$ cat run.cif   # mmCIF, C-alpha atoms and all ligand atoms
data_target
loop_
_atom_site.label_atom_id
_atom_site.label_comp_id
_atom_site.auth_asym_id
_atom_site.auth_seq_id
_atom_site.Cartn_x
_atom_site.Cartn_y
_atom_site.Cartn_z
CA MET A 1 80.34 97.40 7.50
CA PRO A 2 83.34 98.86 5.65
CA SER A 3 82.53 102.27 4.27
CA ASN A 4 85.56 102.62 2.04
CA ILE A 5 85.40 100.20 -0.85
CA ILE A 6 88.50 101.63 -2.48
CA GLN A 7 90.77 99.57 -0.25
CA TRP A 8 89.94 96.43 -2.26
CA PHE A 9 91.38 97.58 -5.52
CA PRO A 10 94.38 95.54 -6.61
CA GLY A 11 97.51 97.37 -7.67
CA HIS A 12 97.42 96.37 -11.30
CA MET A 13 98.78 99.55 -12.81
CA ALA A 14 102.41 98.42 -13.02
CA LYS A 15 101.37 95.24 -14.83
CA THR A 16 99.14 97.18 -17.25
CA ARG A 17 101.87 99.64 -18.05
CA ARG A 18 104.29 96.79 -18.76
CA LEU A 19 101.81 94.81 -20.90
CA ILE A 20 100.76 97.80 -22.95
CA GLY A 21 104.36 99.03 -23.28
CA GLU A 22 105.59 95.63 -24.49
CA ASN A 23 102.95 95.45 -27.19
CA LEU A 24 102.64 99.07 -28.20
CA GLN A 25 105.08 98.86 -31.11
CA LYS A 26 103.15 95.93 -32.59
CA VAL A 27 99.89 97.85 -33.07
CA ASP A 28 98.64 100.70 -35.24
CA ILE A 29 95.94 101.88 -32.86
CA ILE A 30 94.62 101.44 -29.33
CA ILE A 31 90.91 100.75 -28.97
CA GLU A 32 89.85 101.93 -25.54
CA LEU A 33 86.61 100.35 -24.41
CA LEU A 34 84.54 102.27 -21.85
CA ASP A 35 81.28 101.30 -20.16
CA ALA A 36 78.54 103.62 -21.52
CA ARG A 37 76.84 103.56 -18.09
CA ILE A 38 79.94 105.00 -16.40
CA PRO A 39 82.01 106.78 -19.06
CA ARG A 40 84.16 108.66 -16.56
CA SER A 41 84.68 105.94 -13.97
CA SER A 42 85.53 103.30 -16.58
CA ARG A 43 88.26 105.41 -18.12
CA ASN A 44 91.77 104.70 -16.98
CA PRO A 45 93.25 108.15 -16.47
CA GLU A 46 96.73 106.92 -17.38
CA ILE A 47 95.98 105.20 -20.68
CA ALA A 48 96.68 108.25 -22.82
CA LYS A 49 100.04 108.72 -21.10
CA ILE A 50 101.01 105.05 -21.40
CA CYS A 51 100.05 104.91 -25.07
CA LYS A 52 102.29 107.86 -25.88
CA ASP A 53 101.79 108.87 -29.53
CA LYS A 54 99.64 105.92 -30.60
CA PRO A 55 96.20 106.97 -31.82
CA ILE A 56 93.38 105.99 -29.46
CA LEU A 57 89.82 105.26 -30.54
CA THR A 58 87.35 105.37 -27.66
CA LEU A 59 84.28 103.14 -27.84
CA PHE A 60 81.45 103.25 -25.32
CA ASN A 61 80.22 99.68 -24.99
CA LYS A 62 76.99 98.30 -23.49
CA ALA A 63 75.12 101.31 -24.89
CA SER A 64 71.87 99.31 -24.85
CA LEU A 65 72.05 99.32 -21.03
CA ALA A 66 72.65 103.08 -20.77
CA ASP A 67 70.15 105.94 -20.85
CA PRO A 68 69.94 107.09 -24.51
CA ASP A 69 69.67 110.79 -23.56
CA ALA A 70 72.71 110.54 -21.31
CA CYS A 71 74.61 108.88 -24.19
CA LYS A 72 73.87 111.94 -26.33
CA ARG A 73 75.10 114.26 -23.58
CA TRP A 74 78.34 112.26 -23.31
CA GLU A 75 78.76 112.25 -27.06
CA ASN A 76 78.45 116.04 -27.11
CA ASP A 77 80.86 116.35 -24.22
CA PHE A 78 83.49 114.32 -26.06
CA ARG A 79 82.91 116.21 -29.27
CA GLN A 80 83.32 119.54 -27.48
CA LYS A 81 86.67 118.36 -26.15
CA GLY A 82 87.73 117.42 -29.66
CA GLU A 83 87.58 113.70 -28.89
CA PHE A 84 85.69 111.16 -30.88
CA ALA A 85 83.04 108.97 -29.23
CA LEU A 86 81.31 105.98 -30.76
CA PHE A 87 78.54 104.24 -28.83
CA ILE A 88 78.32 100.53 -29.52
CA ASP A 89 76.65 97.42 -28.17
CA CYS A 90 78.03 93.96 -28.73
CA HIS A 91 74.70 92.27 -28.00
CA THR A 92 72.40 94.40 -30.18
CA GLY A 93 75.08 95.20 -32.79
CA GLN A 94 74.61 98.97 -32.47
CA GLY A 95 77.54 100.89 -33.95
CA ILE A 96 79.63 97.79 -34.71
CA ASP A 97 79.66 98.49 -38.46
CA LYS A 98 81.08 101.94 -37.80
CA ILE A 99 84.21 100.64 -36.11
CA LEU A 100 86.30 99.79 -39.20
CA PRO A 101 85.49 103.02 -41.09
CA THR A 102 86.34 104.97 -37.93
CA VAL A 103 89.62 103.13 -37.43
CA LYS A 104 90.50 103.87 -41.06
CA LYS A 105 89.61 107.53 -40.58
CA VAL A 106 91.80 107.79 -37.50
CA LEU A 107 94.63 106.00 -39.34
CA ALA A 108 94.03 107.75 -42.69
CA GLU A 109 97.64 108.90 -43.07
CA LYS A 110 99.07 105.50 -42.25
CA VAL A 111 96.64 103.69 -44.57
CA ALA A 112 97.56 106.12 -47.38
CA ARG A 113 101.26 105.45 -46.76
CA TYR A 114 100.67 101.67 -47.02
CA GLU A 115 98.77 102.23 -50.25
CA ASP A 116 101.61 104.34 -51.66
CA LYS A 117 103.98 101.49 -50.97
CA GLY A 118 101.65 99.04 -52.70
CA MET A 119 100.74 97.48 -49.34
CA SER A 120 97.05 98.37 -49.36
CA GLY A 121 96.12 94.83 -48.32
CA ARG A 122 98.21 95.08 -45.16
CA LYS A 123 96.21 94.27 -42.09
CA LEU A 124 95.78 96.84 -39.37
CA ARG A 125 96.45 95.86 -35.80
CA ALA A 126 94.66 97.12 -32.71
CA MET A 127 95.07 96.54 -29.00
CA ILE A 128 91.84 96.45 -27.02
CA VAL A 129 92.16 97.91 -23.54
CA GLY A 130 89.59 98.49 -20.83
CA ILE A 131 88.51 97.68 -17.31
CA PRO A 132 87.49 94.12 -16.34
CA ASN A 133 84.12 92.92 -17.65
CA VAL A 134 83.63 95.89 -20.01
CA GLY A 135 83.26 93.55 -23.00
CA LYS A 136 86.71 93.41 -24.64
CA SER A 137 86.53 89.70 -25.47
CA THR A 138 82.88 89.94 -26.54
CA LEU A 139 83.74 92.75 -28.97
CA ILE A 140 86.60 90.71 -30.39
CA ASN A 141 84.32 87.69 -30.87
CA ARG A 142 81.71 89.86 -32.52
CA LEU A 143 84.27 91.30 -34.97
CA ALA A 144 85.85 87.89 -35.56
CA GLY A 145 82.44 86.39 -36.29
CA ALA A 146 83.30 83.49 -33.98
CA LYS A 147 83.92 82.73 -30.34
CA LYS A 148 87.70 83.11 -30.40
CA ALA A 149 88.14 84.82 -27.04
CA LYS A 150 86.69 83.60 -23.75
CA ALA A 151 83.99 85.97 -22.48
CA GLU A 152 81.94 85.60 -19.31
CA ASP A 153 79.85 87.80 -17.07
CA ARG A 154 82.44 88.23 -14.34
CA PRO A 155 85.58 90.33 -14.16
CA GLY A 156 89.02 88.77 -14.68
CA VAL A 157 88.14 86.20 -17.36
CA THR A 158 90.94 87.02 -19.82
CA GLN A 159 94.29 86.29 -18.19
CA THR A 160 96.69 86.12 -21.13
CA LEU A 161 97.26 88.12 -24.30
CA GLN A 162 95.73 86.74 -27.48
CA TRP A 163 95.81 87.90 -31.12
CA VAL A 164 92.54 87.36 -32.99
CA PRO A 165 92.15 87.95 -36.75
CA THR A 166 88.76 89.41 -37.68
CA SER A 167 86.54 89.43 -40.72
CA ILE A 168 86.84 93.23 -41.01
CA GLY A 169 90.56 93.14 -41.71
CA ILE A 170 91.96 94.24 -38.36
CA ASP A 171 93.88 91.90 -36.10
CA LEU A 172 92.87 92.49 -32.51
CA LEU A 173 94.89 91.92 -29.37
CA ASP A 174 92.72 90.88 -26.42
CA MET A 175 94.09 92.12 -23.11
CA PRO A 176 93.25 91.20 -19.53
CA GLY A 177 91.08 93.86 -17.88
CA VAL A 178 92.82 96.15 -15.47
CA LEU A 179 91.84 98.59 -12.80
CA TRP A 180 94.06 101.27 -11.41
CA PRO A 181 95.12 101.41 -7.79
CA LYS A 182 94.28 104.91 -6.68
CA PHE A 183 91.01 106.75 -6.79
CA GLU A 184 90.56 110.30 -5.71
CA ASP A 185 86.85 109.91 -5.72
CA GLN A 186 85.07 107.14 -3.84
CA ALA A 187 82.17 107.35 -6.32
CA VAL A 188 84.47 105.91 -9.01
CA GLY A 189 85.04 102.76 -6.96
CA GLU A 190 81.33 102.51 -6.23
CA ASN A 191 80.43 102.87 -9.93
CA LEU A 192 82.87 100.13 -10.88
CA ALA A 193 81.44 97.89 -8.19
CA MET A 194 77.79 98.50 -9.09
CA THR A 195 78.31 97.80 -12.79
CA GLY A 196 80.29 94.60 -12.15
CA ALA A 197 83.90 95.55 -12.92
CA ILE A 198 85.07 94.29 -9.54
CA LYS A 199 84.63 90.73 -8.32
CA ASP A 200 81.60 90.48 -6.03
CA GLN A 201 83.60 88.16 -3.78
CA VAL A 202 85.85 91.02 -2.72
CA LEU A 203 82.99 93.42 -2.13
CA ASP A 204 80.51 94.00 0.59
CA THR A 205 77.55 93.51 -1.72
CA GLU A 206 75.05 94.82 0.83
CA THR A 207 76.82 98.18 1.08
CA ILE A 208 77.14 98.36 -2.71
CA ALA A 209 73.45 97.55 -3.16
CA ALA A 210 72.42 100.17 -0.60
CA THR A 211 74.67 102.68 -2.37
CA LEU A 212 72.97 101.70 -5.63
CA CYS A 213 69.59 102.54 -4.01
CA GLU A 214 70.94 105.95 -3.08
CA ARG A 215 72.17 106.58 -6.62
CA LEU A 216 68.97 105.34 -8.28
CA LYS A 217 67.06 107.75 -6.07
CA THR A 218 68.89 110.57 -7.86
CA VAL A 219 69.58 109.33 -11.39
CA ALA A 220 66.44 107.29 -12.11
CA PRO A 221 63.80 107.79 -9.39
CA SER A 222 60.82 106.83 -11.58
CA LEU A 223 62.38 103.64 -12.91
CA PHE A 224 63.50 102.68 -9.39
CA ALA A 225 60.04 103.33 -7.94
CA ALA A 226 58.29 101.43 -10.73
CA ARG A 227 60.50 98.33 -10.51
CA TYR A 228 60.15 97.89 -6.74
CA LYS A 229 56.68 99.41 -6.31
CA LEU A 230 57.97 102.16 -4.06
CA SER A 231 56.02 105.37 -3.61
CA GLU A 232 57.32 108.78 -4.65
CA GLU A 233 57.30 109.73 -0.99
CA GLN A 234 59.44 106.73 -0.06
CA ILE A 235 61.95 107.58 -2.78
CA ALA A 236 62.08 111.19 -1.64
CA THR A 237 62.31 110.66 2.10
CA LEU A 238 64.06 107.34 2.80
CA ASP A 239 67.82 107.05 3.15
CA LYS A 240 69.84 104.37 1.38
CA TRP A 241 69.50 101.64 4.01
CA GLN A 242 65.79 102.37 4.46
CA LEU A 243 65.32 102.08 0.68
CA PHE A 244 67.31 98.84 0.67
CA GLU A 245 65.07 97.51 3.43
CA ALA A 246 61.92 98.66 1.59
CA VAL A 247 63.01 96.76 -1.54
CA GLY A 248 63.58 93.59 0.51
CA ARG A 249 60.16 93.89 2.15
CA LYS A 250 58.36 94.61 -1.14
CA ARG A 251 59.89 91.46 -2.60
CA GLY A 252 59.04 89.49 0.55
CA PHE A 253 62.67 88.52 1.18
CA LEU A 254 62.27 87.89 4.90
CA VAL A 255 64.05 85.67 7.38
CA PRO A 256 62.37 84.14 10.47
CA GLY A 257 61.88 86.94 12.98
CA GLY A 258 60.73 89.40 10.32
CA GLU A 259 64.06 90.96 9.33
CA ILE A 260 64.85 91.21 5.61
CA ASP A 261 67.20 88.74 3.99
CA ALA A 262 69.89 91.32 3.28
CA GLU A 263 72.13 89.07 1.19
CA ARG A 264 69.31 88.05 -1.12
CA THR A 265 68.04 91.63 -1.40
CA ALA A 266 71.54 92.83 -2.30
CA ASN A 267 72.06 90.14 -4.93
CA VAL A 268 68.70 90.79 -6.55
CA LEU A 269 69.24 94.56 -6.66
CA LEU A 270 72.68 94.22 -8.24
CA ASP A 271 71.61 91.48 -10.67
CA GLU A 272 68.57 93.44 -11.79
CA PHE A 273 70.53 96.64 -12.24
CA ARG A 274 73.31 94.91 -14.20
CA GLY A 275 70.76 92.97 -16.25
CA CYS A 276 68.93 96.20 -17.20
CA LYS A 277 65.72 95.03 -15.49
CA ILE A 278 65.30 98.37 -13.71
CA GLY A 279 65.73 100.19 -17.02
CA ARG A 280 68.39 101.89 -19.10
CA ILE A 281 70.39 103.84 -16.57
CA THR A 282 73.58 105.91 -16.78
CA LEU A 283 75.20 106.53 -13.42
CA GLU A 284 77.22 109.63 -14.22
CA GLU A 285 76.86 112.79 -16.24
CA PRO A 286 79.51 114.72 -18.13
CA GLU A 287 80.85 117.68 -16.21
CA TYR A 288 79.37 120.35 -18.42
CA ALA A 289 75.83 118.97 -17.86
CA VAL A 290 76.33 119.16 -14.10
CA GLU A 291 77.75 122.68 -14.43
CA ASN A 292 74.82 123.73 -16.60
CA GLU A 293 72.39 122.35 -14.06
CA GLU A 294 74.14 124.29 -11.32
CA ASN A 295 74.08 127.43 -13.43
CA ASN A 296 70.38 126.98 -14.04
CA GLU A 297 69.72 127.40 -10.35
CA PHE A 298 70.94 130.96 -10.44
N1 LIG B 1 74.34 94.10 -22.61
C1 LIG B 1 75.59 94.00 -23.04
N2 LIG B 1 76.42 93.11 -22.46
C2 LIG B 1 77.67 93.00 -22.93
C3 LIG B 1 78.14 93.81 -24.00
N3 LIG B 1 79.45 93.48 -24.22
C4 LIG B 1 79.76 92.52 -23.34
N4 LIG B 1 78.70 92.22 -22.57
C5 LIG B 1 78.66 91.21 -21.47
O1 LIG B 1 79.61 91.61 -20.48
C6 LIG B 1 80.20 90.47 -19.88
C7 LIG B 1 81.72 90.60 -19.90
O2 LIG B 1 82.19 90.47 -21.22
P1 LIG B 1 83.71 90.08 -21.57
O3 LIG B 1 83.83 90.21 -23.05
O4 LIG B 1 84.10 88.79 -20.94
O5 LIG B 1 84.49 91.27 -20.86
P2 LIG B 1 86.07 91.51 -20.82
O6 LIG B 1 86.27 92.99 -20.93
O7 LIG B 1 86.76 90.66 -21.82
O8 LIG B 1 86.40 91.06 -19.34
P3 LIG B 1 87.81 90.53 -18.68
O9 LIG B 1 88.42 89.55 -19.63
O10 LIG B 1 87.35 89.93 -17.42
O11 LIG B 1 88.63 91.76 -18.48
C8 LIG B 1 79.65 89.26 -20.65
O12 LIG B 1 78.58 88.71 -19.92
C9 LIG B 1 79.15 89.87 -21.95
O13 LIG B 1 78.10 89.11 -22.54
C10 LIG B 1 77.23 94.75 -24.58
O14 LIG B 1 77.56 95.51 -25.50
N5 LIG B 1 75.98 94.79 -24.06
MG MG B 2 88.18 89.24 -21.59
#
$ encode --input "run.cif" --output "structure tokens" --more "lines below"
Ligand SMILES: Nc1nc2c(ncn2[C@@H]2O[C@H](COP(=O)(O)OP(=O)(O)OP(=O)(O)O)[C@@H](O)[C@H]2O)c(=O)[nH]1
Ligand SMILES: [Mg+2]
Amino acid sequence: MPSNIIQWFPGHMAKTRRLIGENLQKVDIIIELLDARIPRSSRNPEIAKICKDKPILTLFNKASLADPDACKRWENDFRQKGEFALFIDCHTGQGIDKILPTVKKVLAEKVARYEDKGMSGRKLRAMIVGIPNVGKSTLINRLAGAKKAKAEDRPGVTQTLQWVPTSIGIDLLDMPGVLWPKFEDQAVGENLAMTGAIKDQVLDTETIAATLCERLKTVAPSLFAARYKLSEEQIATLDKWQLFEAVGRKRGFLVPGGEIDAERTANVLLDEFRGCKIGRITLEEPEYAVENEENNEF
């Protein structure tokens, strides 16, 4: 069983840099879409550098799948760093009506300049960037009020660039999702895998599902226990593979001979997590929260 999932990441960074670079001069603003369940892991560390002086608006999508308290902690973290964070959800509509006013606020100077020149009706243009499957095309469709961009629940759906006019007066450029080739932290790769940013076909789903059990044990022990009818003691004492096995047994996913059906168990765990059946869960905390927790121990 491969322990290092990072080796599967494709080297897309050169392509991203080229695509963004080629289109940068055509847009007024970059809209960076993050996954609210993994705000750190879904952020491409090079985006700010690639986008040079272009303003960036960061949106945390899929907020309805994330833990509401953790969203607040992330919002505070961004605010403390002087960055703006808007939590949205393309399915429930949360925060969507705040996007245009926020874009206008970020671009206030530019909008005023257009108005001075009698070009107040000029459309704004934004490029939407983000990791695969984060919801770029879904957001564009939501803002366009029609299904203009192809969106599906698997990474790598959008392959070509596409301009989409929207009802809110911004033209949006849909981009293919990209990952970056190097990770210093294995947890980043795991987070991307668990939330569905990497094709399941290139992953060892059983290892990812067992890793998910290990993470749920820490970030959402009660929700995990409730969903799979595990006891507090099991959650506290079992390791990741034992928890994985316990989930399979509780669900009765057995093969002849009495072993668990590992493939089925893995698929169910990942599907239920991604589908929010276990509950609203955020997999990572902002640094200051972790630091504060550490400080509290002293
Ligand atoms: N629950 C929830 N699901 C969402 C949200 N936004 C998108 N999705 C789902 O996430 C999946 C991926 O959405 P896409 O819009 O295709 O993602 P993308 O970023 O364009 O993906 P690529 O083109 O592959 O890079 C789809 O199943 C969407 O329905 C959201 O805010 N909440
Ligand atoms: Mg897409």
$ closest_residue --input "run.cif" --among "A:Val27, A:Ile131, A:Leu230, A:Ala36" --to "ligand MG 2 (chain B)" --atoms "all atoms listed in the file"
A:Ile131
$ residues_around --input "run.cif" --residues "Asp239 of chain A" --least-positions-apart "2" --cutoff "12 Å" --atoms "all atoms listed in the file" --output "VMD selection string"
chain A and resid 210 to 218 233 to 237 241 to 246
$ closest_residue --input "run.cif" --among "A:Ser222, A:Gln186, A:Asn141, A:Thr58" --to "Ile208 of chain A" --atoms "all atoms listed in the file"
A:Gln186
$ residues_near_ligand --input "run.cif" --ligand "ligand MG 2 (chain B)" --cutoff "9 Å" --atoms "only C-alpha atoms and all ligand atoms" --output "ChimeraX atom specification"
/A:132-138,149-152,155-159,174-177
$ residues_around --input "run.cif" --residues "Ile56 of chain A" --least-positions-apart "5" --cutoff "8 Å" --atoms "only C-alpha atoms" --output "list in words"
Ile29, Ile30, Ile31, Glu32 and Ala48 of chain A
$ residues_around --input "run.cif" --residues "segment 71-78 of chain A" --least-positions-apart "3" --cutoff "10 Å" --atoms "all atoms listed in the file" --output "list in words"
Ala36, Arg37, Pro39, Arg40, Thr58, Phe60, Ala63, Ser64, Ala66, Asp67, Pro68, Lys81, Gly82, Glu83, Phe84, Ala85, Leu86, Phe87, Thr282, Glu284, Glu285, Pro286, Glu287, Tyr288 and Ala289 of chain A
$ residues_around --input "run.cif" --residues "segment 251-257 of chain A" --least-positions-apart "2" --cutoff "12 Å" --atoms "only C-alpha atoms" --output "ChimeraX atom specification"
/A:227-230,244-249,259-269
$ closest_residue --input "run.cif" --among "A:Leu238, A:Ile50, A:Leu139, A:Leu203" --to "Lys15 of chain A" --atoms "only C-alpha atoms"
A:Ile50
$ axis_aligned_box --input "run.cif" --around "ligand LIG 1 (chain B)" --padding-each-side "8 Å" --output "AutoDock Vina command-line options"
--center_x 81.5 --center_y 92.1 --center_z -21.5 --size_x 30.3 --size_y 22.8 --size_z 24.1
$ atom_distance --input "run.cif" --atom1 "atom CA of Pro165 of chain A" --atom2 "atom CA of Glu115 of chain A"
20.7 Å
$ atom_distance --input "run.cif" --atom1 "atom CA of Arg125 of chain A" --atom2 "atom CA of Asp28 of chain A"
5.3 Å
$ closest_residue --input "run.cif" --among "A:Thr16, A:Gln80, A:Gln25, A:Thr102" --to "ligand LIG 1 (chain B)" --atoms "all atoms listed in the file"
A:Thr16
$ closest_residue --input "run.cif" --among "A:Cys276, A:Ile281, A:Val219, A:Ala209" --to "ligand LIG 1 (chain B)" --atoms "only C-alpha atoms and all ligand atoms"
A:Cys276
$ closest_residue --input "run.cif" --among "A:Ala70, A:Val178, A:Leu124, A:Val202" --to "ligand LIG 1 (chain B)" --atoms "only C-alpha atoms and all ligand atoms"
A:Val178
$ atom_distance --input "run.cif" --atom1 "atom CA of Asn23 of chain A" --atom2 "atom C2 of ligand LIG 1 (chain B)"
25.8 Å
